[in-house]
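Everything below belongs to final12.pdb, which stores PDB, C-alpha atoms.
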```pdb
MODEL        1
ATOM      1  CA  MET L 198     -26.466 -17.273 -34.638  1.00  0.00           C
ATOM      2  CA  ARG L 199     -27.668 -15.976 -31.273  1.00  0.00           C
ATOM      3  CA  LEU L 200     -30.967 -17.237 -29.838  1.00  0.00           C
ATOM      4  CA  VAL L 201     -32.650 -15.448 -26.947  1.00  0.00           C
ATOM      5  CA  VAL L 202     -35.908 -16.500 -25.295  1.00  0.00           C
ATOM      6  CA  ALA L 203     -37.202 -13.543 -23.317  1.00  0.00           C
ATOM      7  CA  ARG L 204     -40.259 -11.729 -22.073  1.00  0.00           C
ATOM      8  CA  CYS L 205     -40.044  -8.571 -24.122  1.00  0.00           C
ATOM      9  CA  GLN L 206     -41.782  -5.583 -25.675  1.00  0.00           C
ATOM     10  CA  VAL L 207     -41.036  -4.585 -29.263  1.00  0.00           C
ATOM     11  CA  ASP L 208     -41.563  -1.220 -30.985  1.00  0.00           C
ATOM     12  CA  TYR L 209     -40.804  -0.539 -34.634  1.00  0.00           C
ATOM     13  CA  ALA L 210     -40.503   2.969 -36.072  1.00  0.00           C
ATOM     14  CA  GLY L 211     -39.862   3.780 -39.715  1.00  0.00           C
ATOM     15  CA  ARG L 212     -42.102   3.938 -42.768  1.00  0.00           C
ATOM     16  CA  LEU L 213     -44.807   2.802 -40.336  1.00  0.00           C
ATOM     17  CA  THR L 214     -45.022   2.093 -36.619  1.00  0.00           C
ATOM     18  CA  ALA L 215     -45.810  -1.207 -34.922  1.00  0.00           C
ATOM     19  CA  HIS L 216     -46.052  -2.305 -31.295  1.00  0.00           C
ATOM     20  CA  LEU L 217     -45.825  -5.740 -29.709  1.00  0.00           C
ATOM     21  CA  PRO L 218     -46.850  -5.707 -26.018  1.00  0.00           C
ATOM     22  CA  MET L 219     -44.897  -7.544 -23.338  1.00  0.00           C
ATOM     23  CA  ALA L 220     -44.874 -11.308 -23.935  1.00  0.00           C
ATOM     24  CA  THR L 221     -42.456 -14.227 -24.156  1.00  0.00           C
ATOM     25  CA  ARG L 222     -40.844 -14.505 -27.590  1.00  0.00           C
ATOM     26  CA  VAL L 223     -37.804 -15.873 -29.431  1.00  0.00           C
ATOM     27  CA  LEU L 224     -35.263 -13.307 -30.611  1.00  0.00           C
ATOM     28  CA  MET L 225     -32.926 -14.424 -33.382  1.00  0.00           C
ATOM     29  CA  ILE L 226     -29.751 -12.528 -34.345  1.00  0.00           C
ATOM     30  CA  LYS L 227     -28.255 -14.111 -37.454  1.00  0.00           C
ATOM     31  CA  ALA L 228     -24.671 -13.936 -38.676  1.00  0.00           C
ATOM     32  CA  ASP L 229     -25.725 -11.796 -41.642  1.00  0.00           C
ATOM     33  CA  GLY L 230     -26.824  -9.087 -39.167  1.00  0.00           C
ATOM     34  CA  SER L 231     -30.585  -9.603 -39.412  1.00  0.00           C
ATOM     35  CA  VAL L 232     -32.721  -9.529 -36.269  1.00  0.00           C
ATOM     36  CA  LEU L 233     -36.013 -11.458 -36.105  1.00  0.00           C
ATOM     37  CA  VAL L 234     -38.740 -11.615 -33.470  1.00  0.00           C
ATOM     38  CA  HIS L 235     -40.755 -14.862 -33.354  1.00  0.00           C
ATOM     39  CA  SER L 236     -43.755 -16.021 -31.356  1.00  0.00           C
ATOM     40  CA  ASP L 237     -44.864 -19.615 -30.689  1.00  0.00           C
ATOM     41  CA  GLY L 238     -47.439 -19.398 -33.483  1.00  0.00           C
ATOM     42  CA  GLY L 239     -47.791 -18.007 -36.971  1.00  0.00           C
ATOM     43  CA  SER L 240     -45.693 -20.685 -38.665  1.00  0.00           C
ATOM     44  CA  TYR L 241     -42.317 -19.537 -40.063  1.00  0.00           C
ATOM     45  CA  LYS L 242     -42.979 -15.806 -40.413  1.00  0.00           C
ATOM     46  CA  PRO L 243     -41.528 -13.494 -37.720  1.00  0.00           C
ATOM     47  CA  LEU L 244     -43.745 -10.959 -35.954  1.00  0.00           C
ATOM     48  CA  ASN L 245     -41.212  -8.267 -36.740  1.00  0.00           C
ATOM     49  CA  TRP L 246     -37.691  -8.106 -38.106  1.00  0.00           C
ATOM     50  CA  MET L 247     -34.864  -5.920 -39.341  1.00  0.00           C
ATOM     51  CA  SER L 248     -33.058  -6.929 -42.515  1.00  0.00           C
ATOM     52  CA  PRO L 249     -29.299  -6.474 -42.970  1.00  0.00           C
ATOM     53  CA  PRO L 250     -27.331  -4.316 -43.041  1.00  0.00           C
ATOM     54  CA  CYS L 251     -28.258  -3.056 -39.602  1.00  0.00           C
ATOM     55  CA  THR L 252     -26.602  -2.430 -36.245  1.00  0.00           C
ATOM     56  CA  LEU L 253     -27.632  -3.710 -32.826  1.00  0.00           C
ATOM     57  CA  ARG L 254     -26.774  -1.752 -29.695  1.00  0.00           C
ATOM     58  CA  GLU L 255     -27.443  -3.166 -26.226  1.00  0.00           C
ATOM     59  CA  GLY L 256     -28.094  -0.715 -23.419  1.00  0.00           C
ATOM     60  CA  VAL L 257     -29.864  -0.287 -20.086  1.00  0.00           C
ATOM     61  CA  THR L 258     -32.849   1.981 -19.454  1.00  0.00           C
ATOM     62  CA  ASP L 259     -33.100   4.396 -16.498  1.00  0.00           C
ATOM     63  CA  ASP L 260     -35.082   1.804 -14.533  1.00  0.00           C
ATOM     64  CA  GLY L 261     -32.446  -0.904 -15.119  1.00  0.00           C
ATOM     65  CA  GLN L 262     -34.063  -2.923 -17.923  1.00  0.00           C
ATOM     66  CA  VAL L 263     -32.015  -4.223 -20.836  1.00  0.00           C
ATOM     67  CA  GLU L 264     -32.937  -2.599 -24.157  1.00  0.00           C
ATOM     68  CA  TRP L 265     -31.797  -3.474 -27.661  1.00  0.00           C
ATOM     69  CA  THR L 266     -31.852  -0.799 -30.345  1.00  0.00           C
ATOM     70  CA  VAL L 267     -31.579  -2.114 -33.898  1.00  0.00           C
ATOM     71  CA  THR L 268     -31.025   0.533 -36.585  1.00  0.00           C
ATOM     72  CA  SER L 269     -31.173  -0.003 -40.344  1.00  0.00           C
ATOM     73  CA  LYS L 270     -29.242   1.911 -43.009  1.00  0.00           C
ATOM     74  CA  THR L 271     -32.420   3.933 -43.622  1.00  0.00           C
ATOM     75  CA  GLU L 272     -32.582   4.870 -39.915  1.00  0.00           C
ATOM     76  CA  ASP L 273     -35.605   2.676 -39.189  1.00  0.00           C
ATOM     77  CA  THR L 274     -35.431   1.433 -35.593  1.00  0.00           C
ATOM     78  CA  LEU L 275     -36.511  -1.689 -33.766  1.00  0.00           C
ATOM     79  CA  ARG L 276     -36.486  -1.238 -29.970  1.00  0.00           C
ATOM     80  CA  ILE L 277     -36.709  -4.408 -27.902  1.00  0.00           C
ATOM     81  CA  LEU L 278     -37.208  -4.025 -24.135  1.00  0.00           C
ATOM     82  CA  LEU L 279     -36.239  -7.224 -22.284  1.00  0.00           C
ATOM     83  CA  GLU L 280     -38.060  -7.706 -18.995  1.00  0.00           C
ATOM     84  CA  GLU L 281     -36.811 -11.243 -18.290  1.00  0.00           C
ATOM     85  CA  VAL L 282     -34.358 -13.482 -20.189  1.00  0.00           C
ATOM     86  CA  HIS L 283     -35.049 -17.225 -20.031  1.00  0.00           C
ATOM     87  CA  HIS L 284     -32.350 -18.379 -22.445  1.00  0.00           C
ATOM     88  CA  ASP L 285     -29.408 -16.829 -24.284  1.00  0.00           C
ATOM     89  CA  SER L 286     -27.042 -18.886 -26.444  1.00  0.00           C
ATOM     90  CA  SER L 287     -24.846 -18.490 -29.539  1.00  0.00           C
ATOM     91  CA  HIS L 288     -24.178 -21.134 -32.183  1.00  0.00           C
ATOM     92  CA  ASP L 289     -21.796 -21.284 -35.157  1.00  0.00           C
ATOM     93  CA  LEU L 290     -23.790 -22.929 -37.945  1.00  0.00           C
ATOM     94  CA  GLY L 291     -20.941 -22.847 -40.477  1.00  0.00           C
ATOM     95  CA  VAL L 292     -21.401 -22.595 -44.239  1.00  0.00           C
ATOM     96  CA  ASP L 293     -24.827 -23.712 -45.425  1.00  0.00           C
ATOM     97  CA  PRO L 294     -24.635 -26.022 -48.464  1.00  0.00           C
ATOM     98  CA  GLY L 295     -28.116 -24.982 -49.615  1.00  0.00           C
ATOM     99  CA  LEU L 296     -31.202 -27.062 -50.238  1.00  0.00           C
ATOM    100  CA  GLN L 297     -30.790 -30.632 -51.335  1.00  0.00           C
ATOM    101  CA  LYS L 298     -31.799 -31.176 -54.938  1.00  0.00           C
ATOM    102  CA  ASP L 299     -35.302 -32.439 -55.582  1.00  0.00           C
ATOM    103  CA  GLY L 300     -36.160 -35.094 -58.141  1.00  0.00           C
ATOM    104  CA  VAL L 301     -36.422 -32.645 -61.043  1.00  0.00           C
ATOM    105  CA  GLU L 302     -33.061 -31.079 -60.228  1.00  0.00           C
ATOM    106  CA  LYS L 303     -31.325 -34.456 -59.980  1.00  0.00           C
ATOM    107  CA  HIS L 304     -32.849 -35.561 -63.271  1.00  0.00           C
ATOM    108  CA  LEU L 305     -31.835 -32.278 -64.855  1.00  0.00           C
ATOM    109  CA  GLN L 306     -28.252 -32.859 -63.701  1.00  0.00           C
ATOM    110  CA  ALA L 307     -28.257 -36.351 -65.217  1.00  0.00           C
ATOM    111  CA  LEU L 308     -29.618 -35.066 -68.536  1.00  0.00           C
ATOM    112  CA  LEU L 309     -27.074 -32.238 -68.730  1.00  0.00           C
ATOM    113  CA  ALA L 310     -24.287 -34.679 -67.901  1.00  0.00           C
ATOM    114  CA  GLU L 311     -25.348 -36.665 -70.974  1.00  0.00           C
ATOM    115  CA  HIS L 312     -25.693 -33.561 -73.150  1.00  0.00           C
ATOM    116  CA  PRO L 313     -23.178 -30.954 -71.898  1.00  0.00           C
ATOM    117  CA  THR L 314     -23.080 -29.250 -75.303  1.00  0.00           C
ATOM    118  CA  SER L 315     -26.606 -28.003 -74.618  1.00  0.00           C
ATOM    119  CA  LEU L 316     -24.958 -25.650 -72.106  1.00  0.00           C
ATOM    120  CA  SER L 317     -22.088 -24.540 -74.337  1.00  0.00           C
ATOM    121  CA  PRO L 318     -20.689 -25.793 -77.690  1.00  0.00           C
ATOM    122  CA  GLY L 319     -17.660 -28.037 -77.282  1.00  0.00           C
ATOM    123  CA  LEU L 320     -18.287 -28.764 -73.603  1.00  0.00           C
ATOM    124  CA  THR L 321     -17.413 -32.286 -72.394  1.00  0.00           C
ATOM    125  CA  LEU L 322     -18.137 -33.898 -69.028  1.00  0.00           C
ATOM    126  CA  VAL L 323     -15.273 -34.699 -66.649  1.00  0.00           C
ATOM    127  CA  ARG L 324     -17.276 -35.749 -63.588  1.00  0.00           C
ATOM    128  CA  ARG L 325     -20.620 -35.355 -61.870  1.00  0.00           C
ATOM    129  CA  GLU L 326     -20.696 -34.244 -58.207  1.00  0.00           C
ATOM    130  CA  PHE L 327     -17.091 -33.021 -58.287  1.00  0.00           C
ATOM    131  CA  PRO L 328     -15.998 -32.795 -54.602  1.00  0.00           C
ATOM    132  CA  THR L 329     -14.875 -29.609 -52.846  1.00  0.00           C
ATOM    133  CA  ALA L 330     -14.355 -28.781 -49.169  1.00  0.00           C
ATOM    134  CA  ILE L 331     -17.784 -27.101 -48.994  1.00  0.00           C
ATOM    135  CA  GLY L 332     -19.813 -29.531 -51.079  1.00  0.00           C
ATOM    136  CA  PRO L 333     -19.928 -31.096 -54.539  1.00  0.00           C
ATOM    137  CA  VAL L 334     -20.074 -29.130 -57.783  1.00  0.00           C
ATOM    138  CA  ASP L 335     -22.904 -30.508 -59.922  1.00  0.00           C
ATOM    139  CA  LEU L 336     -20.828 -30.946 -63.092  1.00  0.00           C
ATOM    140  CA  MET L 337     -17.142 -30.476 -63.789  1.00  0.00           C
ATOM    141  CA  CYS L 338     -16.527 -30.098 -67.512  1.00  0.00           C
ATOM    142  CA  ARG L 339     -13.893 -28.986 -70.036  1.00  0.00           C
ATOM    143  CA  ASP L 340     -14.477 -26.620 -72.911  1.00  0.00           C
ATOM    144  CA  ALA L 341     -13.079 -26.842 -76.439  1.00  0.00           C
ATOM    145  CA  ASP L 342      -9.895 -25.050 -75.306  1.00  0.00           C
ATOM    146  CA  GLY L 343      -9.284 -27.525 -72.469  1.00  0.00           C
ATOM    147  CA  LEU L 344     -10.277 -25.080 -69.707  1.00  0.00           C
ATOM    148  CA  SER L 345     -12.126 -26.412 -66.647  1.00  0.00           C
ATOM    149  CA  VAL L 346     -15.760 -25.359 -66.330  1.00  0.00           C
ATOM    150  CA  ALA L 347     -17.815 -25.749 -63.132  1.00  0.00           C
ATOM    151  CA  VAL L 348     -21.577 -26.023 -63.657  1.00  0.00           C
ATOM    152  CA  GLU L 349     -24.128 -25.355 -60.917  1.00  0.00           C
ATOM    153  CA  ILE L 350     -27.662 -26.551 -61.723  1.00  0.00           C
ATOM    154  CA  LYS L 351     -30.876 -25.247 -60.181  1.00  0.00           C
ATOM    155  CA  ARG L 352     -34.509 -25.677 -61.045  1.00  0.00           C
ATOM    156  CA  ARG L 353     -34.982 -21.973 -60.363  1.00  0.00           C
ATOM    157  CA  GLY L 354     -31.906 -19.758 -60.563  1.00  0.00           C
ATOM    158  CA  GLU L 355     -31.732 -17.178 -57.790  1.00  0.00           C
ATOM    159  CA  ILE L 356     -29.009 -15.107 -56.108  1.00  0.00           C
ATOM    160  CA  ASP L 357     -28.241 -17.856 -53.555  1.00  0.00           C
ATOM    161  CA  GLY L 358     -27.278 -20.215 -56.378  1.00  0.00           C
ATOM    162  CA  VAL L 359     -24.892 -17.651 -57.867  1.00  0.00           C
ATOM    163  CA  GLU L 360     -23.311 -17.150 -54.441  1.00  0.00           C
ATOM    164  CA  GLN L 361     -22.929 -20.918 -54.072  1.00  0.00           C
ATOM    165  CA  LEU L 362     -21.179 -21.237 -57.434  1.00  0.00           C
ATOM    166  CA  THR L 363     -18.965 -18.245 -56.574  1.00  0.00           C
ATOM    167  CA  ARG L 364     -17.774 -20.034 -53.428  1.00  0.00           C
ATOM    168  CA  TYR L 365     -17.038 -23.182 -55.449  1.00  0.00           C
ATOM    169  CA  LEU L 366     -15.054 -21.221 -58.042  1.00  0.00           C
ATOM    170  CA  GLU L 367     -12.958 -19.542 -55.341  1.00  0.00           C
ATOM    171  CA  LEU L 368     -11.889 -22.974 -54.078  1.00  0.00           C
ATOM    172  CA  LEU L 369     -11.464 -24.596 -57.492  1.00  0.00           C
ATOM    173  CA  ASN L 370      -9.224 -21.796 -58.722  1.00  0.00           C
ATOM    174  CA  ARG L 371      -6.749 -22.648 -55.955  1.00  0.00           C
ATOM    175  CA  GLU L 372      -6.184 -26.106 -57.498  1.00  0.00           C
ATOM    176  CA  PRO L 373      -3.165 -26.159 -59.867  1.00  0.00           C
ATOM    177  CA  LEU L 374      -4.434 -29.320 -61.601  1.00  0.00           C
ATOM    178  CA  LEU L 375      -7.582 -27.481 -62.663  1.00  0.00           C
ATOM    179  CA  THR L 376      -6.003 -24.141 -63.545  1.00  0.00           C
ATOM    180  CA  GLY L 377      -3.045 -25.347 -65.608  1.00  0.00           C
ATOM    181  CA  LYS L 378      -4.474 -23.914 -68.849  1.00  0.00           C
ATOM    182  CA  GLY L 379      -6.299 -21.004 -67.253  1.00  0.00           C
ATOM    183  CA  PRO L 380      -8.812 -20.170 -64.537  1.00  0.00           C
ATOM    184  CA  VAL L 381     -11.857 -22.329 -63.878  1.00  0.00           C
ATOM    185  CA  ARG L 382     -14.930 -20.579 -65.229  1.00  0.00           C
ATOM    186  CA  GLY L 383     -18.522 -21.108 -64.180  1.00  0.00           C
ATOM    187  CA  ILE L 384     -21.871 -21.764 -65.800  1.00  0.00           C
ATOM    188  CA  PHE L 385     -25.078 -21.194 -63.842  1.00  0.00           C
ATOM    189  CA  ALA L 386     -27.787 -23.377 -65.362  1.00  0.00           C
ATOM    190  CA  ALA L 387     -31.491 -23.376 -64.508  1.00  0.00           C
ATOM    191  CA  GLN L 388     -34.928 -23.706 -66.037  1.00  0.00           C
ATOM    192  CA  GLU L 389     -35.574 -20.108 -65.034  1.00  0.00           C
ATOM    193  CA  ILE L 390     -33.024 -17.478 -63.956  1.00  0.00           C
ATOM    194  CA  LYS L 391     -34.200 -14.456 -61.996  1.00  0.00           C
ATOM    195  CA  PRO L 392     -33.052 -11.070 -63.385  1.00  0.00           C
ATOM    196  CA  GLN L 393     -31.173 -10.202 -60.177  1.00  0.00           C
ATOM    197  CA  ALA L 394     -29.318 -13.523 -60.293  1.00  0.00           C
ATOM    198  CA  ARG L 395     -28.393 -12.964 -63.944  1.00  0.00           C
ATOM    199  CA  VAL L 396     -27.019  -9.486 -63.170  1.00  0.00           C
ATOM    200  CA  LEU L 397     -24.933 -10.832 -60.275  1.00  0.00           C
ATOM    201  CA  ALA L 398     -23.621 -13.764 -62.341  1.00  0.00           C
ATOM    202  CA  THR L 399     -22.642 -11.490 -65.222  1.00  0.00           C
ATOM    203  CA  ASP L 400     -20.870  -9.130 -62.829  1.00  0.00           C
ATOM    204  CA  ARG L 401     -18.817 -12.068 -61.529  1.00  0.00           C
ATOM    205  CA  GLY L 402     -17.950 -13.427 -64.955  1.00  0.00           C
ATOM    206  CA  ILE L 403     -20.287 -16.421 -64.647  1.00  0.00           C
ATOM    207  CA  ALA L 404     -22.197 -17.505 -67.756  1.00  0.00           C
ATOM    208  CA  CYS L 405     -25.927 -18.199 -67.512  1.00  0.00           C
ATOM    209  CA  ALA L 406     -27.732 -20.991 -69.349  1.00  0.00           C
ATOM    210  CA  VAL L 407     -31.518 -21.383 -69.390  1.00  0.00           C
ATOM    211  CA  VAL L 408     -32.316 -25.077 -69.753  1.00  0.00           C
ATOM    212  CA  ASP L 409     -35.397 -26.518 -71.465  1.00  0.00           C
ATOM    213  CA  TYR L 410     -36.162 -29.535 -69.287  1.00  0.00           C
ATOM    214  CA  ASP L 411     -38.838 -30.954 -71.611  1.00  0.00           C
ATOM    215  CA  ALA L 412     -36.565 -30.680 -74.644  1.00  0.00           C
ATOM    216  CA  LEU L 413     -33.798 -32.529 -72.818  1.00  0.00           C
ATOM    217  CA  ARG L 414     -36.223 -35.280 -71.854  1.00  0.00           C
ATOM    218  CA  GLY L 415     -37.247 -35.616 -75.482  1.00  0.00           C
ATOM    219  CA  ILE L 416     -40.820 -34.492 -74.768  1.00  0.00           C
ATOM    220  CA  ASP L 417     -40.548 -31.228 -76.681  1.00  0.00           C
ATOM    221  CA  ASP L 418     -39.333 -32.729 -79.957  1.00  0.00           C
ATOM    222  CA  SER L 419     -39.621 -30.180 -82.782  1.00  0.00           C
ATOM    223  CA  GLU L 420     -39.756 -32.937 -85.430  1.00  0.00           C
ATOM    224  CA  HIS L 421     -43.083 -34.162 -84.041  1.00  0.00           C
ATOM    225  CA  ARG L 422     -44.815 -30.787 -83.601  1.00  0.00           C
ATOM    226  CA  LEU L 423     -47.913 -29.903 -85.649  1.00  0.00           C
ATOM    227  CA  PHE L 424     -46.877 -26.223 -85.712  1.00  0.00           C
TER
ENDMDL
END
```
Encoding of this model in structure tokens:
Amino acid sequence: MRLVVARCQVDYAGRLTAHLPMATRVLMIKADGSVLVHSDGGSYKPLNWMSPPCTLREGVTDDGQVEWTVTSKTEDTLRILLEEVHHDSSHDLGVDPGLQKDGVEKHLQALLAEHPTSLSPGLTLVRREFPTAIGPVDLMCRDADGLSVAVEIKRRGEIDGVEQLTRYLELLNREPLLTGKGPVRGIFAAQEIKPQARVLATDRGIACAVVDYDALRGIDDSEHRLF
């Protein structure tokens, strides 16, 4: 990630036009290619930004000022004129392990560890928090055929969770002890799974499991319902 603190002017042209007059701001160029313009107020939301994929070209205007031109795949442009640069640094943040699990997610993991067959018939637990080089897999299980199954658990299943499980599976499938009977497969489990996440998981051969948290806790017991 590159962070630049500079006095700058920003002009956006695309589906609409927007102008930010000359002022001191923070410019953030992330490893995924996105470019964000932040002020010292307004909480977390940038004043303007360009989402990836996009390209950034640095040039110099006729009067000698540095100008960045950021172009999206739809030809929208973000032009940033830098009058004075106060700070310019780059940092390698490495692989992000994602948000730490909240109380519900940890409890959900514990419940699924006790009842792995609620995810898939014949599933048995091998270990919780199975270690990998990029972080622990929530549950490592075996199916009825003896194949290893990695389970990633989220309260809300989104694309980031599928990507996280994909990275785990890539590493786990390099381990001969886990792949002796066949490749490690994945299950993405959550109380709610977004449609985009389900499509991505299916495309990558990852099974999806929607988990009823109340039922696992014994709150939603069908034997004690009136209807």
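Between Arg199 in chain L and the residues L:Thr266, L:His288, L:Gly261, L:Thr271, the shortest atom-to-atom distance, using all atoms listed in the file, involves L:His288.
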Fill in: Resolved residues for the PyMOL selection byres ((chain L and resi 413) around 10) as a VMD selection string
chain L and resid 305 308 to 309 311 to 312 315 408 to 412 414 to 418
Response to the item:
Using only C-alpha atoms, the best pick from L:His284, L:His216, L:Ser231, L:Glu349 as closest to Val202 in chain L would be L:His284
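Distances from L:Asp229, L:Asp340, L:Asp293, L:Glu255 to Leu279 in chain L were compared using all atoms listed in the file, and the smallest one belongs to L:Glu255.
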Item to complete: Just say which residues the PyMOL selection byres ((chain L and resi 246) around 10) picks in this file, as a ChimeraX atom specification.
Response: /L:209,224-226,231-235,242-245,247-249,267,275
Worksheet item: Selected by the PyMOL selection byres ((chain L and resi 263) around 9) in the shown coordinates: which residues, as a ChimeraX atom specification?
Response: /L:255-258,261-262,264-265,277-281
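What separates CA of Asn370 in chain L from CA of Pro333 in chain L is a distance of 14.8 Å.
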Item to complete: Using CA of Asp285 in chain L and CA of Cys205 in chain L as the two end points, give the distance in Å to one decimal.
Response: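 A separation of 13.5 Å between them.
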Show me a table, sorted first by chain and then by increasing residue number, of the residues of range 347-401 of chain L having an atom at most 12 Å from range 319-324 of chain L, each with its shortest atom pair and the distance in Å to one decimal, counting only C-alpha atoms and written as CSV.
```
residue,atom,partner,partner_atom,distance
L:Ala347,CA,L:Val323,CA,9.9
L:Val348,CA,L:Leu322,CA,10.1
L:Leu375,CA,L:Val323,CA,11.3
L:Ile384,CA,L:Leu320,CA,11.1
```
Please enclose the listed atoms of range 357-362 of chain L in an axis-aligned box, pad each side by 8 Å, and write out the centre and the three edge lengths in Å, rounded to one decimal, as AutoDock Vina command-line options.
```
--center_x -24.7 --center_y -19.2 --center_z -55.7 --size_x 23.1 --size_y 20.1 --size_z 20.3
```
Practice prompt. Quick one: pull the distance between CA of Ala341 in chain L and CA of Ala307 in chain L, Å, one decimal.
Written response: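 CA of Ala307 in chain L lies at a distance of 21.1 Å from CA of Ala341 in chain L.
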Worksheet entry | Pick from L:Ser236, L:Gln206, L:Gln361, L:Gln393 nearest to Val334 in chain L, counting all atoms listed in the file |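 Distance minimum relative to Val334 in chain L lands on L:Gln361.
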Item to complete: Find the residue from L:Gln306, L:Thr214, L:Thr252, L:Thr363 that sits nearest to Leu397 in chain L; use all atoms listed in the file when measuring.
Response: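 Distance minimum relative to Leu397 in chain L lands on L:Thr363.
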Worksheet item: Hey, which of L:Lys227, L:Arg276, L:His304, L:Arg401 ends up closest to Asp289 in chain L? Count all atoms listed in the file.
Response: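 Ranked by minimum distance to Asp289 in chain L, first place goes to L:Lys227.
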Worksheet item: Could you name the residues that touch Asp342 in chain L at 12 Å or less, counting all atoms listed in the file, but leaving out those on the same chain fewer than 3 positions away, as a list of chain:residue names?
Response: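 Neighbouring residues, sequence-local ones excluded: L:Pro318, L:Gly319, L:Leu320, L:Thr321, L:Cys338, L:Arg339, L:Ser345, L:Val346, L:Gly377, L:Lys378, L:Gly379, L:Pro380, L:Val381.
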Would you mind listing what lies within 10 Å of Glu389 in chain L as a compact mmCIF listing (two decimals) with C-alpha atoms, in the coordinates of the input, with only C-alpha atoms counted and same-chain residues fewer than 4 positions away left out?
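Output below, filename selection.txt:
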```txt
# COMPACT_ATOMS: atom_id res chain seq x y z
CA LYS L 351 -30.88 -25.25 -60.18
CA ARG L 352 -34.51 -25.68 -61.04
CA ARG L 353 -34.98 -21.97 -60.36
CA GLY L 354 -31.91 -19.76 -60.56
CA GLU L 355 -31.73 -17.18 -57.79
CA ALA L 406 -27.73 -20.99 -69.35
CA VAL L 407 -31.52 -21.38 -69.39
CA VAL L 408 -32.32 -25.08 -69.75
CA ASP L 409 -35.40 -26.52 -71.46
```
Worksheet item: Near Ile331 in chain L, counting only C-alpha atoms, which residues have an atom at most 9 Å away, once you skip same-chain residues fewer than 3 positions from it, shown as an MDAnalysis selection string?
Response: chainID L and resid 292:294 328 364:365 368
